[in-house]
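Visitor: One structure is given below, represented as structure tokens, and several questions about it will come after.
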Amino acid sequence: MKELAREFKLSPLITQLLIQRNITTPGSAERFLRPRIEHLHPPEKMLGMSQAVDRIERAITNKEKILIYGDYDVDGTIAIVLLKTCIDSFGGFCDFHVPHRIREGYGMKDEVIESAAADGVKLVISVDTGIRAFAAAETAARLNLDLIVTDHHLPETSEEPDTPTIPKALAVLNPNQKDCPYPCKDLCGAGVVFKLCSALLSRAGKERLLPSYLKMAAIATIADSVPLTGENRTIVSLGLAGLRTPLKGGLKSLFEVAQLTSPGHRLTSTDIAFRIAPRINAAGRMDVARDVVDLFLTQDADRHTELARKLDRLNSERQSEEQRVLRTLYQRLDDDEPLRNTYCLVLEGDDWHRGVIGICASRIVERTGRPTLVFSCDPATGEAHGSGRSIPGFHLLNALESAAVKPLFTRFGGHAAAVGGSLPTARIADLRTALDSYSRTTLTQDDLAPSLNIDAEIAIGDITHDLVAQLSQLEPFGMGNREPIFAARGITLTQPMRIMKEKHVKLRFTQSHQNGNSKPIDVLGWGWAERMKTLMPNVGDTFNTAFTIEENTNPDFGGLQLILKDLQR
């Protein structure tokens, strides 16, 4: 501990927080605190990379038509942008296809492959999809199309020795496939494509261009909620640094509508997660995801502004639809105790917008602490399309692949924390029973009980601008490297609570100590208005609290403030 503190000039608190994150040696601290592009793993370590680069180079040289087949979320659309930008820079002839969420759904479809072949395409490259596209791969082979699959979702599992677990393709790039030695297994789909671009640039002696790709890769990595550790941390750290410099094109327009260009604002992963990613996702959720690709690839400044404003409008529509569905879900959980007490929640409704059910599943997980699947049922077809989110310690994809659950689905895929799939609506009741039974074998009541991990106890008077600067060394925060949560005891409410936008609260606290009271500090409780109806805080009441610390850079009402995580009398 002393060695870390001395070598990196760290305070005891920051040293303690590093050790809690298993950063215990100077070498690991160097990579964590001072990430450099040299810390990225060589892309050639990924199984299939050499074959993929060889084939793409041949396609570029021979002026063959290439089709990039992507997905409609942030990860998929940014993966398309990265790969098309790279191939175009070498003079390749490249088009792309983004499926429509409602009309086509997730995954590669035979008719798109057939249309590509009829149009003279010779090479198809999937991004953020394809690892379970066995039928599409067979169609490509039948039509003499070469297929390169790039994906990060988990492959099929099979106990049969001769049963294929990955599609038949010229090359498959996925660090999670069997026998792949690539060290970072947690890359997002755009992260895998970033490694492919890195290999192409390296082969051509253009490594100097790689930093320009890190900005988009960082956005996708944050948005896809993969762990921000190891190589992902390096990608996001370096990418955020690039995003803090003056931007141009589609990025500049998008940051402007998200109000992230004010002087003095220091961009964080939280800004990307809550201000940028939702606007990009809104296109695929509410309209046409191709608009995202056009935003970042077009050179027309007026078109940049038009598309950025459209994404902003779609995001507002998404928020309204999300709240409508959530009101129904919350009411149902309040009214149905047996449903509320299942270990894995399965919730459904007719004609809910499929673009918001994944977000709604996340909100239910936050509210209940239970893994949740939400389905939108189509009465006309009898088919239900769903999206699920999980909790730590419960591998949701494994649950769907269990013996009693798997036969119920028409299709499904995903990973430990998130899944998507479809099944006949008539099977939802059976699914609810099967998942509850499975989850009771792997989860306990303790797993479902709400908990909050406190990193350290701190006095309100010790919260300073210098402390915020020290904490910034631990950024970027996200899954696998959450923002430190602190606790303070015996804090006193000094002003009446203020409700903001009917959902949030603003409080002001002070804390007594031997030299008097600490300077008052503002506390924001996002989404806390409902919970405060139970606590009913009055001026002079004393509490124990848990919080994160941030610095508001607004020139008119900025300053140090706390973000409320828990409040107890």
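Within each chain, counting starts at residue 1; across the structure tokens, chains are named A, B, ... in the order shown, with ligands numbered 1 upward in that order.
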Give me, as a CSV table (one decimal) with all heavy atoms, in the first residue's frame, all polymer residues having an atom no more than 6 Å from segment 525-537 of chain A, counting only C-alpha atoms and skipping those fewer than 2 positions away in the same chain.

Guide:
chain,number,residue,atom,x,y,z
A,503,LYS,N,-40.2,14.2,-9.8
A,503,LYS,CA,-39.5,12.9,-9.6
A,503,LYS,C,-38.3,13.0,-8.7
A,503,LYS,O,-38.0,12.0,-8.1
A,503,LYS,CB,-39.1,12.4,-11.0
A,503,LYS,CG,-40.3,12.1,-11.9
A,503,LYS,CD,-39.8,11.4,-13.2
A,503,LYS,CE,-38.8,12.2,-14.0
A,503,LYS,NZ,-38.4,11.6,-15.3
A,504,HIS,N,-37.6,14.1,-8.7
A,504,HIS,CA,-36.3,14.2,-8.0
A,504,HIS,C,-36.4,15.1,-6.8
A,504,HIS,O,-37.4,15.8,-6.7
A,504,HIS,CB,-35.3,14.7,-9.0
A,504,HIS,CG,-35.4,14.1,-10.4
A,504,HIS,ND1,-35.2,12.8,-10.6
A,504,HIS,CD2,-35.6,14.7,-11.6
A,504,HIS,CE1,-35.3,12.5,-11.9
A,504,HIS,NE2,-35.6,13.7,-12.5
A,505,VAL,N,-35.4,15.0,-5.9
A,505,VAL,CA,-35.4,15.9,-4.8
A,505,VAL,C,-34.1,16.5,-4.6
A,505,VAL,O,-33.1,16.0,-5.1
A,505,VAL,CB,-35.7,15.0,-3.5
A,505,VAL,CG1,-37.1,14.4,-3.5
A,505,VAL,CG2,-34.6,14.0,-3.2
A,564,LEU,N,-27.5,11.2,-4.0
A,564,LEU,CA,-28.0,10.3,-3.0
A,564,LEU,C,-28.1,8.9,-3.5
A,564,LEU,O,-28.6,8.6,-4.5
A,564,LEU,CB,-29.4,10.9,-2.5
A,564,LEU,CG,-30.0,10.2,-1.3
A,564,LEU,CD1,-29.1,10.5,-0.1
A,564,LEU,CD2,-31.4,10.8,-1.1

Visitor: Report as JSON lines the residues of segment 15-88 of chain A within 12 Å of segment 477-486 of chain A, each with its shortest atom pair and distance in Å (one decimal), using only C-alpha atoms, ordered by chain and increasing residue number.

Guide:
{"residue": "A:Gln16", "atom": "CA", "partner": "A:Pro484", "partner_atom": "CA", "distance": 11.0}
{"residue": "A:Leu17", "atom": "CA", "partner": "A:Pro484", "partner_atom": "CA", "distance": 7.8}
{"residue": "A:Leu18", "atom": "CA", "partner": "A:Asn481", "partner_atom": "CA", "distance": 10.2}
{"residue": "A:Gln20", "atom": "CA", "partner": "A:Pro484", "partner_atom": "CA", "distance": 10.3}
{"residue": "A:Arg21", "atom": "CA", "partner": "A:Asn481", "partner_atom": "CA", "distance": 7.6}
{"residue": "A:Asn22", "atom": "CA", "partner": "A:Asn481", "partner_atom": "CA", "distance": 10.8}
{"residue": "A:Ile23", "atom": "CA", "partner": "A:Asn481", "partner_atom": "CA", "distance": 11.4}
{"residue": "A:Phe32", "atom": "CA", "partner": "A:Asn481", "partner_atom": "CA", "distance": 10.6}

Visitor: Atoms to include: all heavy atoms. Write the selected residues as a compact mmCIF listing (two decimals), in the first residue's frame.

Guide:
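Result went into result.txt, see below:
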# COMPACT_ATOMS: atom_id res chain seq x y z
N GLN A 16 -6.53 3.19 -0.95
CA GLN A 16 -7.48 2.21 -0.43
C GLN A 16 -8.49 1.80 -1.51
O GLN A 16 -8.79 0.60 -1.67
CB GLN A 16 -8.23 2.80 0.77
CG GLN A 16 -9.37 1.92 1.29
CD GLN A 16 -10.21 2.65 2.34
OE1 GLN A 16 -9.73 3.56 3.01
NE2 GLN A 16 -11.47 2.25 2.47
N LEU A 17 -8.98 2.76 -2.28
CA LEU A 17 -9.95 2.45 -3.32
C LEU A 17 -9.34 1.61 -4.43
O LEU A 17 -10.00 0.72 -5.00
CB LEU A 17 -10.52 3.75 -3.91
CG LEU A 17 -11.35 4.61 -2.95
CD1 LEU A 17 -11.74 5.93 -3.61
CD2 LEU A 17 -12.60 3.86 -2.49
N LEU A 18 -8.08 1.83 -4.74
CA LEU A 18 -7.40 1.01 -5.74
C LEU A 18 -7.27 -0.43 -5.26
O LEU A 18 -7.53 -1.38 -6.01
CB LEU A 18 -6.02 1.58 -6.05
CG LEU A 18 -5.94 2.79 -6.97
CD1 LEU A 18 -4.50 3.27 -7.09
CD2 LEU A 18 -6.51 2.46 -8.35
N GLN A 20 -9.10 -1.97 -3.14
CA GLN A 20 -10.43 -2.59 -3.18
C GLN A 20 -10.78 -3.06 -4.59
O GLN A 20 -11.61 -3.96 -4.75
CB GLN A 20 -11.48 -1.60 -2.69
CG GLN A 20 -11.41 -1.34 -1.19
CD GLN A 20 -12.32 -0.20 -0.76
OE1 GLN A 20 -12.92 0.48 -1.58
NE2 GLN A 20 -12.42 0.01 0.55
N ARG A 21 -10.16 -2.49 -5.59
CA ARG A 21 -10.38 -2.89 -6.98
C ARG A 21 -9.32 -3.88 -7.46
O ARG A 21 -9.14 -4.08 -8.66
CB ARG A 21 -10.39 -1.65 -7.88
CG ARG A 21 -11.67 -0.83 -7.75
CD ARG A 21 -11.49 0.62 -8.13
NE ARG A 21 -12.76 1.33 -8.12
CZ ARG A 21 -13.42 1.67 -7.02
NH1 ARG A 21 -12.91 1.38 -5.82
NH2 ARG A 21 -14.58 2.29 -7.08
N ASN A 22 -8.58 -4.46 -6.51
CA ASN A 22 -7.53 -5.44 -6.81
C ASN A 22 -6.39 -4.85 -7.62
O ASN A 22 -5.69 -5.56 -8.36
CB ASN A 22 -8.10 -6.67 -7.53
CG ASN A 22 -9.04 -7.47 -6.65
OD1 ASN A 22 -8.76 -7.69 -5.48
ND2 ASN A 22 -10.16 -7.90 -7.21
N ILE A 23 -6.19 -3.54 -7.50
CA ILE A 23 -5.03 -2.88 -8.11
C ILE A 23 -3.99 -2.78 -6.99
O ILE A 23 -4.01 -1.85 -6.18
CB ILE A 23 -5.38 -1.48 -8.65
CG1 ILE A 23 -6.62 -1.55 -9.55
CG2 ILE A 23 -4.21 -0.88 -9.39
CD1 ILE A 23 -6.46 -2.41 -10.77
N PHE A 32 -3.91 1.00 -14.90
CA PHE A 32 -5.21 1.52 -14.47
C PHE A 32 -5.23 3.04 -14.47
O PHE A 32 -6.18 3.66 -14.96
CB PHE A 32 -5.53 0.99 -13.06
CG PHE A 32 -6.92 1.28 -12.59
CD1 PHE A 32 -7.95 0.38 -12.85
CD2 PHE A 32 -7.22 2.43 -11.89
CE1 PHE A 32 -9.25 0.65 -12.42
CE2 PHE A 32 -8.50 2.71 -11.45
CZ PHE A 32 -9.52 1.81 -11.72

Visitor: In Å, with one decimal, what is the gap from atom CA of Asp75 of chain A to atom CA of Asn552 of chain A?

Guide: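 About the pair atom CA of Asp75 of chain A and atom CA of Asn552 of chain A: they are 29.4 Å apart.
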
Visitor: Report as a PyMOL selection string all protein, DNA and RNA residues lying within 9 Å of Gly107 of chain A, evaluated on only C-alpha atoms, omitting residues in the same chain fewer than 2 positions from it.

Guide: chain A and resi 70-71+99+104-105+109+129-130+132-133

Visitor: Any idea what's packed within 9 Å of segment 362-375 of chain A, counting only C-alpha atoms, ignoring anything in its chain fewer than 5 positions away? Could you give it as number ranges by chain?

Guide: A: 326, 329-330, 340, 342-350, 352, 354, 357, 384-391, 394, 396, 417, 419-420, 422, 425, 428, 439, 447-450

Visitor: Out of segment 6-171 of chain A, which residues get strand (DSSP E or B) from DSSP, as an MDAnalysis selection string?

Guide: chainID A and resid 65:69 93:97 121:127 146:150 171

Visitor: Restricting the calculation to only C-alpha atoms, which member of A:Glu383, A:Asp73, A:Asp334, A:Asp302 is positioned closest to Gly284 of chain A?

Guide: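 Of A:Glu383, A:Asp73, A:Asp334, A:Asp302, the one nearest Gly284 of chain A, counting only C-alpha atoms, is A:Asp73.
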
Visitor: Just give me the gap between atom CA of Ile102 of chain A and atom CA of Asp436 of chain A in Å, one decimal is fine.

Guide: 28.6 Å

Visitor: Mind giving me the straight-line distance from atom CA of Thr545 of chain A to atom CA of Arg489 of chain A in Å, one decimal?

Guide: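 Atom-to-atom, atom CA of Thr545 of chain A to atom CA of Arg489 of chain A, that is 6.5 Å.
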
Visitor: Could you give me, as number ranges by chain, the residues within 10 Å of Ile521 of chain A, counting only C-alpha atoms and dropping anything in the same chain fewer than 3 positions from it?

Guide: A: 460-461, 463, 493-494, 507-511, 518, 559-562

Visitor: What are the closest atom pairs, with distances in Å to one decimal, for all residues of segment 352-435 of chain A lying within 12 Å of segment 179-193 of chain A? Consider only C-alpha atoms, order rows by chain and residue number, and present the result as CSV.

Guide:
residue,atom,partner,partner_atom,distance
A:Gly414,CA,A:Cys188,CA,11.7
A:His415,CA,A:Asp186,CA,10.5
A:Ala416,CA,A:Asp186,CA,11.1
A:Ala417,CA,A:Asp186,CA,11.9

Visitor: For the residues selected in the previous step, produce a file with N, CA and C atoms as a CSV table (one decimal), in the first residue's frame.

Guide:
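The file below, result-v6.csv, is the result:
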chain,number,residue,atom,x,y,z
A,414,GLY,N,-27.8,-13.7,-26.5
A,414,GLY,CA,-27.4,-12.7,-25.6
A,414,GLY,C,-26.2,-13.1,-24.7
A,415,HIS,N,-26.2,-12.7,-23.5
A,415,HIS,CA,-25.0,-13.0,-22.6
A,415,HIS,C,-25.5,-13.0,-21.2
A,416,ALA,N,-24.6,-13.0,-20.2
A,416,ALA,CA,-25.0,-13.2,-18.8
A,416,ALA,C,-26.0,-12.1,-18.3
A,417,ALA,N,-25.8,-10.9,-18.8
A,417,ALA,CA,-26.5,-9.7,-18.2
A,417,ALA,C,-27.7,-9.3,-19.0

Visitor: Which residues are close to Asn144 of chain A, i.e. within 10 Å by only C-alpha atoms, leaving aside same-chain residues fewer than 2 positions away? Reply as a PyMOL selection string.

Guide: chain A and resi 117+121-123+138-142+146-147

Visitor: Please identify all polymer residues within 9 Å of Gly355 of chain A, counting only C-alpha atoms, omitting same-chain residues fewer than 5 positions from it, and present them as a count of residues only.

Guide: 10

Visitor: Which residue out of A:Ile166, A:Ile113, A:Ile37, A:Val149 has the minimum interatomic distance to Leu214 of chain A when only C-alpha atoms are used?

Guide: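 Ranked by minimum distance to Leu214 of chain A, first place goes to A:Ile37.
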
Visitor: Which residue out of A:Ile56, A:Pro476, A:Gln319, A:Lys45 has the minimum interatomic distance to Pro227 of chain A when only C-alpha atoms are used?

Guide: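 Ranking A:Ile56, A:Pro476, A:Gln319, A:Lys45 by distance to Pro227 of chain A, first place goes to A:Pro476.
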
Visitor: Enumerate the residues of segment 224-359 of chain A with a DSSP assignment of alpha helix (DSSP H), computed from the backbone, and present them as JSON, numbers by chain.

Guide: {"A": [230, 231, 232, 233, 234, 235, 236, 237, 238, 239, 240, 241, 242, 243, 249, 250, 251, 252, 253, 254, 255, 256, 257, 269, 270, 271, 277, 278, 279, 280, 281, 282, 283, 284, 285, 286, 290, 291, 292, 293, 294, 295, 296, 297, 301, 302, 303, 304, 305, 306, 307, 308, 309, 310, 311, 312, 313, 314, 315, 316, 317, 318, 319, 320, 321, 322, 323, 324, 325, 326, 327, 328, 329, 330, 331, 332, 333, 334, 335, 337, 338, 339, 340, 357, 358, 359]}
